[in-house]
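Next comes my_file_23.txt, a file with compact mmCIF, C-alpha atoms and all ligand atoms.
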```txt
# COMPACT_ATOMS: atom_id res chain seq x y z
CA MET T 47 -10.89 -18.23 -28.90
CA LYS T 48 -12.75 -16.33 -26.20
CA GLU T 49 -12.14 -12.62 -26.32
CA VAL T 50 -8.98 -11.40 -24.57
CA ASN T 51 -9.56 -8.07 -22.90
CA VAL T 52 -6.29 -6.09 -22.82
CA ASN T 53 -5.97 -3.24 -20.29
CA LYS T 54 -2.85 -1.15 -20.96
CA PHE T 55 -1.61 1.39 -18.41
CA ASP T 56 0.85 4.30 -18.61
CA ASN T 57 2.77 3.06 -15.62
CA ASN T 58 2.93 0.29 -13.04
CA GLN T 59 1.28 2.38 -10.33
CA LYS T 60 -1.88 2.81 -12.40
CA LEU T 61 -1.85 -0.89 -13.30
CA THR T 62 -1.46 -1.84 -9.63
CA ASP T 63 -4.33 0.41 -8.55
CA ALA T 64 -6.68 -0.88 -11.26
CA LEU T 65 -5.90 -4.59 -10.78
CA CYS T 66 -6.16 -4.26 -6.99
CA GLU T 67 -9.56 -2.61 -7.32
CA ARG T 68 -10.79 -5.28 -9.75
CA VAL T 69 -9.63 -8.21 -7.63
CA ALA T 70 -11.00 -6.62 -4.45
CA ALA T 71 -14.43 -6.25 -6.10
CA ILE T 72 -14.40 -9.89 -7.26
CA LEU T 73 -13.48 -11.19 -3.80
CA THR T 74 -16.04 -8.96 -2.07
CA ASP T 75 -18.80 -10.11 -4.44
CA ALA T 76 -17.79 -13.76 -4.05
CA VAL T 77 -17.98 -13.56 -0.25
CA ALA T 78 -21.36 -11.78 -0.48
CA GLU T 79 -22.71 -14.44 -2.86
CA ARG T 80 -21.13 -17.65 -1.60
CA GLY T 81 -19.74 -16.78 1.85
CA LYS T 82 -16.14 -17.42 0.78
CA ALA T 83 -13.64 -16.62 -1.96
CA THR T 84 -10.49 -18.18 -3.39
CA LEU T 85 -7.66 -16.16 -4.93
CA VAL T 86 -4.74 -17.78 -6.77
CA VAL T 87 -1.62 -15.64 -7.14
CA SER T 88 1.73 -16.00 -8.87
CA GLY T 89 5.26 -15.59 -7.62
CA GLY T 90 8.26 -13.82 -9.14
CA ARG T 91 8.98 -10.09 -9.09
CA THR T 92 6.01 -8.61 -10.94
CA PRO T 93 3.26 -8.96 -8.30
CA LYS T 94 5.09 -7.36 -5.34
CA PRO T 95 3.47 -3.88 -5.60
CA LEU T 96 0.05 -5.48 -6.13
CA PHE T 97 0.49 -7.71 -3.06
CA GLU T 98 1.54 -4.76 -0.92
CA LYS T 99 -1.52 -2.80 -1.99
CA LEU T 100 -3.91 -5.74 -1.61
CA SER T 101 -2.58 -6.39 1.90
CA ARG T 102 -3.70 -2.89 2.93
CA THR T 103 -7.12 -3.18 1.28
CA SER T 104 -10.23 -3.61 3.41
CA LEU T 105 -11.82 -6.91 2.42
CA PRO T 106 -13.54 -9.78 4.23
CA TRP T 107 -10.11 -11.42 4.36
CA SER T 108 -11.08 -14.02 6.98
CA LYS T 109 -13.36 -15.57 4.32
CA VAL T 110 -10.66 -15.56 1.62
CA THR T 111 -8.34 -18.45 0.79
CA ILE T 112 -5.11 -17.60 -1.01
CA LEU T 113 -2.94 -20.09 -2.82
CA LEU T 114 -0.04 -20.02 -5.23
CA ALA T 115 -0.16 -20.88 -8.92
CA ASP T 116 3.30 -22.42 -8.58
CA GLU T 117 6.21 -22.91 -6.22
CA ARG T 118 9.93 -23.28 -6.64
CA TRP T 119 11.17 -26.26 -4.60
CA VAL T 120 13.44 -24.28 -2.31
CA LEU T 121 13.30 -23.91 1.46
CA PRO T 122 10.73 -21.32 2.57
CA ASP T 123 13.45 -19.00 3.89
CA SER T 124 15.06 -18.72 0.45
CA ASP T 125 14.70 -15.37 -1.30
CA ASP T 126 13.59 -17.37 -4.37
CA SER T 127 10.67 -18.97 -2.51
CA ASN T 128 7.27 -17.87 -3.73
CA ASP T 129 5.95 -18.86 -0.30
CA LYS T 130 8.31 -16.32 1.29
CA LEU T 131 7.14 -13.68 -1.17
CA ILE T 132 3.49 -14.23 -0.24
CA LYS T 133 4.19 -14.22 3.49
CA THR T 134 6.27 -11.05 3.40
CA THR T 135 4.25 -8.96 0.93
CA LEU T 136 0.64 -10.19 0.96
CA LEU T 137 -0.26 -12.08 4.15
CA LYS T 138 0.16 -9.07 6.41
CA ASN T 139 -1.72 -5.90 7.40
CA LYS T 140 -5.44 -6.46 6.75
CA ALA T 141 -4.76 -9.58 4.63
CA ALA T 142 -3.10 -11.33 7.58
CA GLN T 143 -6.57 -12.75 8.32
CA ALA T 144 -6.70 -14.69 5.05
CA ARG T 145 -6.34 -18.48 4.97
CA TYR T 146 -3.24 -19.56 3.06
CA VAL T 147 -2.69 -22.89 1.31
CA GLY T 148 1.01 -23.25 0.51
CA LEU T 149 2.37 -25.59 -2.15
CA PHE T 150 5.72 -26.35 -0.49
CA THR T 151 5.88 -29.41 1.76
CA ALA T 152 8.55 -31.34 3.67
CA HIS T 153 8.89 -33.74 0.71
CA GLN T 154 12.41 -33.97 -0.71
CA SER T 155 11.20 -33.08 -4.18
CA ALA T 156 8.23 -31.54 -5.94
CA LYS T 157 7.79 -34.87 -7.73
CA SER T 158 7.29 -36.71 -4.43
CA ALA T 159 4.76 -34.06 -3.29
CA GLU T 160 2.87 -34.07 -6.60
CA LEU T 161 0.21 -36.65 -5.74
CA SER T 162 -0.73 -35.45 -2.26
CA GLN T 163 -0.71 -31.79 -3.32
CA SER T 164 -2.78 -32.63 -6.40
CA GLN T 165 -5.39 -34.21 -4.16
CA LEU T 166 -5.39 -31.21 -1.81
CA ILE T 167 -5.60 -28.58 -4.57
CA GLY T 168 -8.00 -30.67 -6.63
CA ALA T 169 -10.48 -30.72 -3.74
CA LEU T 170 -10.75 -26.92 -3.65
CA PRO T 171 -13.84 -25.36 -5.24
CA THR T 172 -13.80 -23.32 -8.45
CA PHE T 173 -11.47 -20.37 -7.91
CA ASP T 174 -12.84 -16.82 -7.96
CA ALA T 175 -9.76 -15.16 -9.44
CA VAL T 176 -6.44 -16.41 -10.79
CA ILE T 177 -3.66 -13.89 -11.38
CA LEU T 178 -1.00 -15.35 -13.63
CA GLY T 179 2.42 -13.96 -14.42
CA MET T 180 4.45 -14.75 -17.50
CA GLY T 181 8.13 -15.11 -18.26
CA ALA T 182 9.73 -13.70 -21.40
CA ASP T 183 9.91 -17.30 -22.71
CA GLY T 184 6.12 -17.57 -22.57
CA HIS T 185 5.94 -19.73 -19.45
CA THR T 186 3.13 -19.15 -17.02
CA ALA T 187 2.86 -20.58 -13.50
CA SER T 188 5.78 -23.09 -13.79
CA LEU T 189 4.70 -24.51 -17.15
CA PHE T 190 7.86 -23.81 -19.14
CA PRO T 191 8.18 -24.44 -22.89
CA CYS T 192 11.43 -26.33 -22.21
CA CYS T 193 10.18 -28.73 -19.55
CA ASP T 194 9.49 -32.41 -20.30
CA GLU T 195 6.31 -32.24 -18.22
CA LEU T 196 4.69 -29.55 -20.39
CA ASP T 197 2.12 -31.90 -21.97
CA VAL T 198 0.94 -33.12 -18.56
CA GLY T 199 0.72 -29.54 -17.32
CA MET T 200 -1.27 -28.40 -20.34
CA THR T 201 -3.53 -31.40 -20.94
CA GLY T 202 -3.52 -33.44 -17.71
CA THR T 203 -6.56 -33.66 -15.45
CA GLN T 204 -4.58 -33.71 -12.21
CA ALA T 205 -4.49 -30.44 -10.26
CA ALA T 206 -0.72 -30.11 -9.85
CA VAL T 207 2.38 -31.24 -11.72
CA ALA T 208 6.07 -31.30 -10.81
CA THR T 209 8.16 -29.59 -13.48
CA GLN T 210 11.90 -29.28 -14.06
CA PRO T 211 12.66 -26.34 -16.36
CA LYS T 212 15.92 -26.51 -18.29
CA SER T 213 16.13 -22.74 -18.69
CA ALA T 214 15.45 -21.71 -15.09
CA PRO T 215 16.61 -22.90 -11.67
CA TYR T 216 14.82 -25.29 -9.31
CA GLU T 217 12.33 -28.05 -9.62
CA ARG T 218 8.79 -26.62 -9.37
CA LEU T 219 5.30 -27.61 -8.39
CA SER T 220 2.77 -25.96 -10.66
CA LEU T 221 -0.97 -26.00 -10.88
CA THR T 222 -2.04 -27.44 -14.22
CA ARG T 223 -3.80 -25.51 -16.97
CA GLN T 224 -7.07 -27.32 -16.27
CA ARG T 225 -6.99 -26.46 -12.56
CA LEU T 226 -5.91 -22.84 -13.16
CA LEU T 227 -8.69 -22.25 -15.68
CA ASP T 228 -11.30 -23.64 -13.28
CA SER T 229 -11.87 -20.05 -12.20
CA ARG T 230 -14.51 -17.37 -12.63
CA HIS T 231 -11.87 -14.81 -13.61
CA VAL T 232 -8.36 -15.21 -15.06
CA PHE T 233 -5.89 -12.32 -15.29
CA PHE T 234 -2.45 -11.97 -16.84
CA HIS T 235 -0.37 -9.44 -14.96
CA ILE T 236 2.66 -8.41 -16.97
CA THR T 237 5.09 -5.51 -17.17
CA GLY T 238 7.80 -4.73 -19.72
CA ASP T 239 7.98 -4.43 -23.50
CA ASP T 240 9.67 -7.81 -23.90
CA LYS T 241 6.80 -9.61 -22.18
CA TRP T 242 4.20 -7.70 -24.15
CA THR T 243 5.85 -8.76 -27.42
CA VAL T 244 5.62 -12.41 -26.34
CA LEU T 245 2.06 -12.18 -25.04
CA ASP T 246 0.93 -10.35 -28.16
CA ALA T 247 2.44 -13.14 -30.30
CA ALA T 248 0.76 -15.78 -28.10
CA ILE T 249 -2.59 -14.02 -28.49
CA THR T 250 -2.21 -13.59 -32.26
CA HIS T 251 -0.90 -17.11 -33.01
CA HIS T 252 -1.94 -20.26 -31.15
CA ASP T 253 1.48 -21.78 -30.51
CA PRO T 254 1.43 -23.50 -27.08
CA LYS T 255 4.63 -25.51 -27.60
CA ARG T 256 6.57 -22.29 -28.08
CA TYR T 257 4.51 -20.16 -25.67
CA PRO T 258 2.54 -22.19 -23.09
CA VAL T 259 0.65 -19.00 -22.24
CA SER T 260 -0.94 -19.29 -25.69
CA ASP T 261 -3.06 -22.23 -24.52
CA PHE T 262 -4.49 -20.11 -21.72
CA VAL T 263 -5.88 -17.42 -23.99
CA HIS T 264 -6.88 -19.82 -26.80
CA GLY T 265 -9.42 -22.41 -25.77
CA SER T 266 -9.88 -21.06 -22.26
CA PRO T 267 -13.41 -21.77 -20.99
CA VAL T 268 -13.37 -18.38 -19.25
CA PRO T 269 -12.44 -15.02 -20.75
CA THR T 270 -8.90 -13.93 -19.89
CA GLU T 271 -7.98 -10.35 -19.11
CA VAL T 272 -4.53 -8.80 -19.49
CA PHE T 273 -3.29 -6.02 -17.19
CA TYR T 274 -0.13 -4.57 -18.73
CA ALA T 275 2.21 -1.64 -18.19
CA ALA T 276 5.42 -1.05 -20.12
CA ALA T 277 7.36 -0.19 -16.94
O1 LIG T 301 9.41 -18.37 -11.92
C1 LIG T 301 8.38 -17.73 -12.00
O2 LIG T 301 8.24 -16.80 -12.99
C2 LIG T 301 6.99 -16.21 -13.35
C3 LIG T 301 7.31 -14.80 -13.85
O3 LIG T 301 8.05 -14.13 -12.83
P1 LIG T 301 8.49 -12.58 -12.95
O4 LIG T 301 9.60 -12.44 -11.93
O5 LIG T 301 8.98 -12.37 -14.35
O6 LIG T 301 7.30 -11.76 -12.62
C4 LIG T 301 6.00 -16.19 -12.20
O7 LIG T 301 4.72 -15.83 -12.68
C5 LIG T 301 5.97 -17.54 -11.51
O8 LIG T 301 5.01 -17.56 -10.49
C6 LIG T 301 7.35 -17.80 -10.94
O9 LIG T 301 7.44 -18.99 -10.19
```
What would you get if you wrote out this structure as structure tokens?
Amino acid sequence: MKEVNVNKFDNNQKLTDALCERVAAILTDAVAERGKATLVVSGGRTPKPLFEKLSRTSLPWSKVTILLADERWVLPDSDDSNDKLIKTTLLKNKAAQARYVGLFTAHQSAKSAELSQSQLIGALPTFDAVILGMGADGHTASLFPCCDELDVGMTGTQAAVATQPKSAPYERLSLTRQRLLDSRHVFFHITGDDKWTVLDAAITHHDPKRYPVSDFVHGSPVPTEVFYAAA
């Protein structure tokens, strides 16, 4: 296993400030070195304060592409849409200049969008930073321990996979482990004691069937970094 660097913070504000600063430096350096940068972000509740802060941060945003690690197959005006989250919390202020690649399409299902979206996402260059969330069941992106598509998501070479979790609502479209780890930097952004207990277990014991996140810290070709605050 590559080393997992765990950064623990007293509170969410300090975590947000530190992760924002780190990601901003990575994107700035990437644009200086290669003329462009790609940032992959997660949905859910956890990243909202980070997105708000990033949106107000001075960066060469017009050279930055942002895309989601996963999407719930709901209409973009749904409060459960990760696309809506990105548009209302991140793609505004200074970050309004960024290029955004959404995962949701007009297809009736994530399954029917899987091939075309895989081709689109698979054609993107190595990412500069991937910020992953995690559920208390150990899922990351939309690779849930309970979904029948877990093996494809964890071992497949395609860039995206449609998943249908049994323990959470909505069909999803998720980037696969291989595509997510094709990145220069990978972060886990988690808050709450319950999530820390799960992530700690996934770091200590390689158990990807129980905790898919385990396969991201064990056997990852790039070092993974955890940014964690209890509340
Ligand atoms: O459903 C999802 O859950 C995870 C975790 O969300 P959170 O609300 O507990 O932060 C998230 O990382 C993922 O992108 C999302 O689709």
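All residues, whether protein, DNA or RNA, that have an atom at most 7 Å from ligand LIG 301 (chain T) (counting all atoms listed in the file) are T:Ser88, T:Gly89, T:Gly90, T:Arg91, T:Thr92, T:Pro93, T:Ala115, T:Asp116, T:Glu117, T:Arg118, T:Asn128, T:Leu178, T:Gly179, T:Met180, T:Gly181, T:Thr186, T:Ala187, T:Ser188.
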With a cut-off of 12 Å, could you pull out the residues of region 127-217 of chain T touching region 262-277 of chain T and give me the nearest pair of atoms for each, distance in Å to one decimal, using all atoms listed in the file, ordered by chain and ascending number, as a tab-separated table?
```
residue	atom	partner	partner_atom	distance
T:Thr172	CA	T:Val268	CA	11.9
T:Phe173	CA	T:Val268	CA	11.7
T:Asp174	CA	T:Val268	CA	11.4
T:Ala175	CA	T:Thr270	CA	10.6
T:Val176	CA	T:Thr270	CA	9.7
T:Ile177	CA	T:Glu271	CA	9.5
T:Leu178	CA	T:Val272	CA	9.5
T:Gly179	CA	T:Val272	CA	10.0
T:Met180	CA	T:Val272	CA	11.0
T:Gly184	CA	T:Phe262	CA	10.9
T:His185	CA	T:Phe262	CA	10.7
T:Thr186	CA	T:Phe262	CA	9.0
T:Ala187	CA	T:Phe262	CA	11.0
T:Leu189	CA	T:Phe262	CA	11.2
T:Gly199	CA	T:Phe262	CA	11.6
T:Met200	CA	T:Phe262	CA	9.0
T:Thr201	CA	T:Phe262	CA	11.4
```
How about saving the chosen residues, C-alpha atoms kept, as a compact mmCIF listing (two decimals), in the frame of the given file?
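Now in out09.txt:
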```txt
# COMPACT_ATOMS: atom_id res chain seq x y z
CA THR T 172 -13.80 -23.32 -8.45
CA PHE T 173 -11.47 -20.37 -7.91
CA ASP T 174 -12.84 -16.82 -7.96
CA ALA T 175 -9.76 -15.16 -9.44
CA VAL T 176 -6.44 -16.41 -10.79
CA ILE T 177 -3.66 -13.89 -11.38
CA LEU T 178 -1.00 -15.35 -13.63
CA GLY T 179 2.42 -13.96 -14.42
CA MET T 180 4.45 -14.75 -17.50
CA GLY T 184 6.12 -17.57 -22.57
CA HIS T 185 5.94 -19.73 -19.45
CA THR T 186 3.13 -19.15 -17.02
CA ALA T 187 2.86 -20.58 -13.50
CA LEU T 189 4.70 -24.51 -17.15
CA GLY T 199 0.72 -29.54 -17.32
CA MET T 200 -1.27 -28.40 -20.34
CA THR T 201 -3.53 -31.40 -20.94
```
Polymer residues at most 9 Å from Ser108 (chain T), all atoms listed in the file, same-chain spacing of 5 or more positions, as a VMD selection string:
chain T and resid 82 141 to 145
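We find CA of Ala70 (chain T) and CA of Val232 (chain T) to be spaced 13.9 Å apart.
Of the listed residues (T:Leu219, T:Asp125, T:Phe190, T:Asp197), T:Leu219 comes nearest to Ser162 (chain T); the distances count all atoms listed in the file.
Atom to atom, CA of Gly238 (chain T) and CA of Pro95 (chain T) stand 14.8 Å apart.
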Which distance in Å separates CA of Val259 (chain T) and CA of Cys192 (chain T), to one decimal?
13.0 Å
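The residue that comes closest to Leu121 (chain T), out of T:Gln154, T:Thr62, T:Asn139, T:Thr203 and on the basis of all atoms listed in the file, is T:Gln154.
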6 Å per side around region 197-206 of chain T: axis-aligned box centre and edge lengths, as AutoDock Vina command-line options:
```
--center_x -2.2 --center_y -31.1 --center_z -15.9 --size_x 20.7 --size_y 17.3 --size_z 24.1
```
Give as a PDB file with C-alpha atoms, in the coordinates of the input each residue that has an atom at most 10 Å from (-5.9, -27.7, -4.1) in the file, counting only C-alpha atoms.
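What ended up in selection22.pdb:
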```pdb
ATOM      1  CA  LEU T 113      -2.940 -20.090  -2.820  1.00  0.00           C
ATOM      2  CA  LEU T 114      -0.040 -20.020  -5.230  1.00  0.00           C
ATOM      3  CA  VAL T 147      -2.690 -22.890   1.310  1.00  0.00           C
ATOM      4  CA  GLY T 148       1.010 -23.250   0.510  1.00  0.00           C
ATOM      5  CA  LEU T 149       2.370 -25.590  -2.150  1.00  0.00           C
ATOM      6  CA  SER T 162      -0.730 -35.450  -2.260  1.00  0.00           C
ATOM      7  CA  GLN T 163      -0.710 -31.790  -3.320  1.00  0.00           C
ATOM      8  CA  SER T 164      -2.780 -32.630  -6.400  1.00  0.00           C
ATOM      9  CA  GLN T 165      -5.390 -34.210  -4.160  1.00  0.00           C
ATOM     10  CA  LEU T 166      -5.390 -31.210  -1.810  1.00  0.00           C
ATOM     11  CA  ILE T 167      -5.600 -28.580  -4.570  1.00  0.00           C
ATOM     12  CA  GLY T 168      -8.000 -30.670  -6.630  1.00  0.00           C
ATOM     13  CA  ALA T 169     -10.480 -30.720  -3.740  1.00  0.00           C
ATOM     14  CA  LEU T 170     -10.750 -26.920  -3.650  1.00  0.00           C
ATOM     15  CA  PRO T 171     -13.840 -25.360  -5.240  1.00  0.00           C
ATOM     16  CA  PHE T 173     -11.470 -20.370  -7.910  1.00  0.00           C
ATOM     17  CA  ALA T 205      -4.490 -30.440 -10.260  1.00  0.00           C
ATOM     18  CA  ALA T 206      -0.720 -30.110  -9.850  1.00  0.00           C
ATOM     19  CA  LEU T 221      -0.970 -26.000 -10.880  1.00  0.00           C
ATOM     20  CA  ARG T 225      -6.990 -26.460 -12.560  1.00  0.00           C
TER      21      ARG T 225
END
```
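Proximity of T:Val50, T:Thr237, T:Leu73, T:Ala182 to Ser213 (chain T), computed with only C-alpha atoms, is greatest for T:Ala182.
If you measure from each of T:Arg223, T:Lys130, T:His231, T:His153 to Ala71 (chain T) using only C-alpha atoms, the closest one turns out to be T:His231.
Comparing the minimum interatomic distances between Phe150 (chain T) and each of T:Val120, T:Val198, T:Leu245, T:Ile112, counting all atoms listed in the file, we find that T:Val120 sits nearest.
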Counting only C-alpha atoms, figure out which residue out of T:Thr103, T:Thr243, T:Ser229, T:Asn51 gets nearest to Asp63 (chain T).
T:Thr103
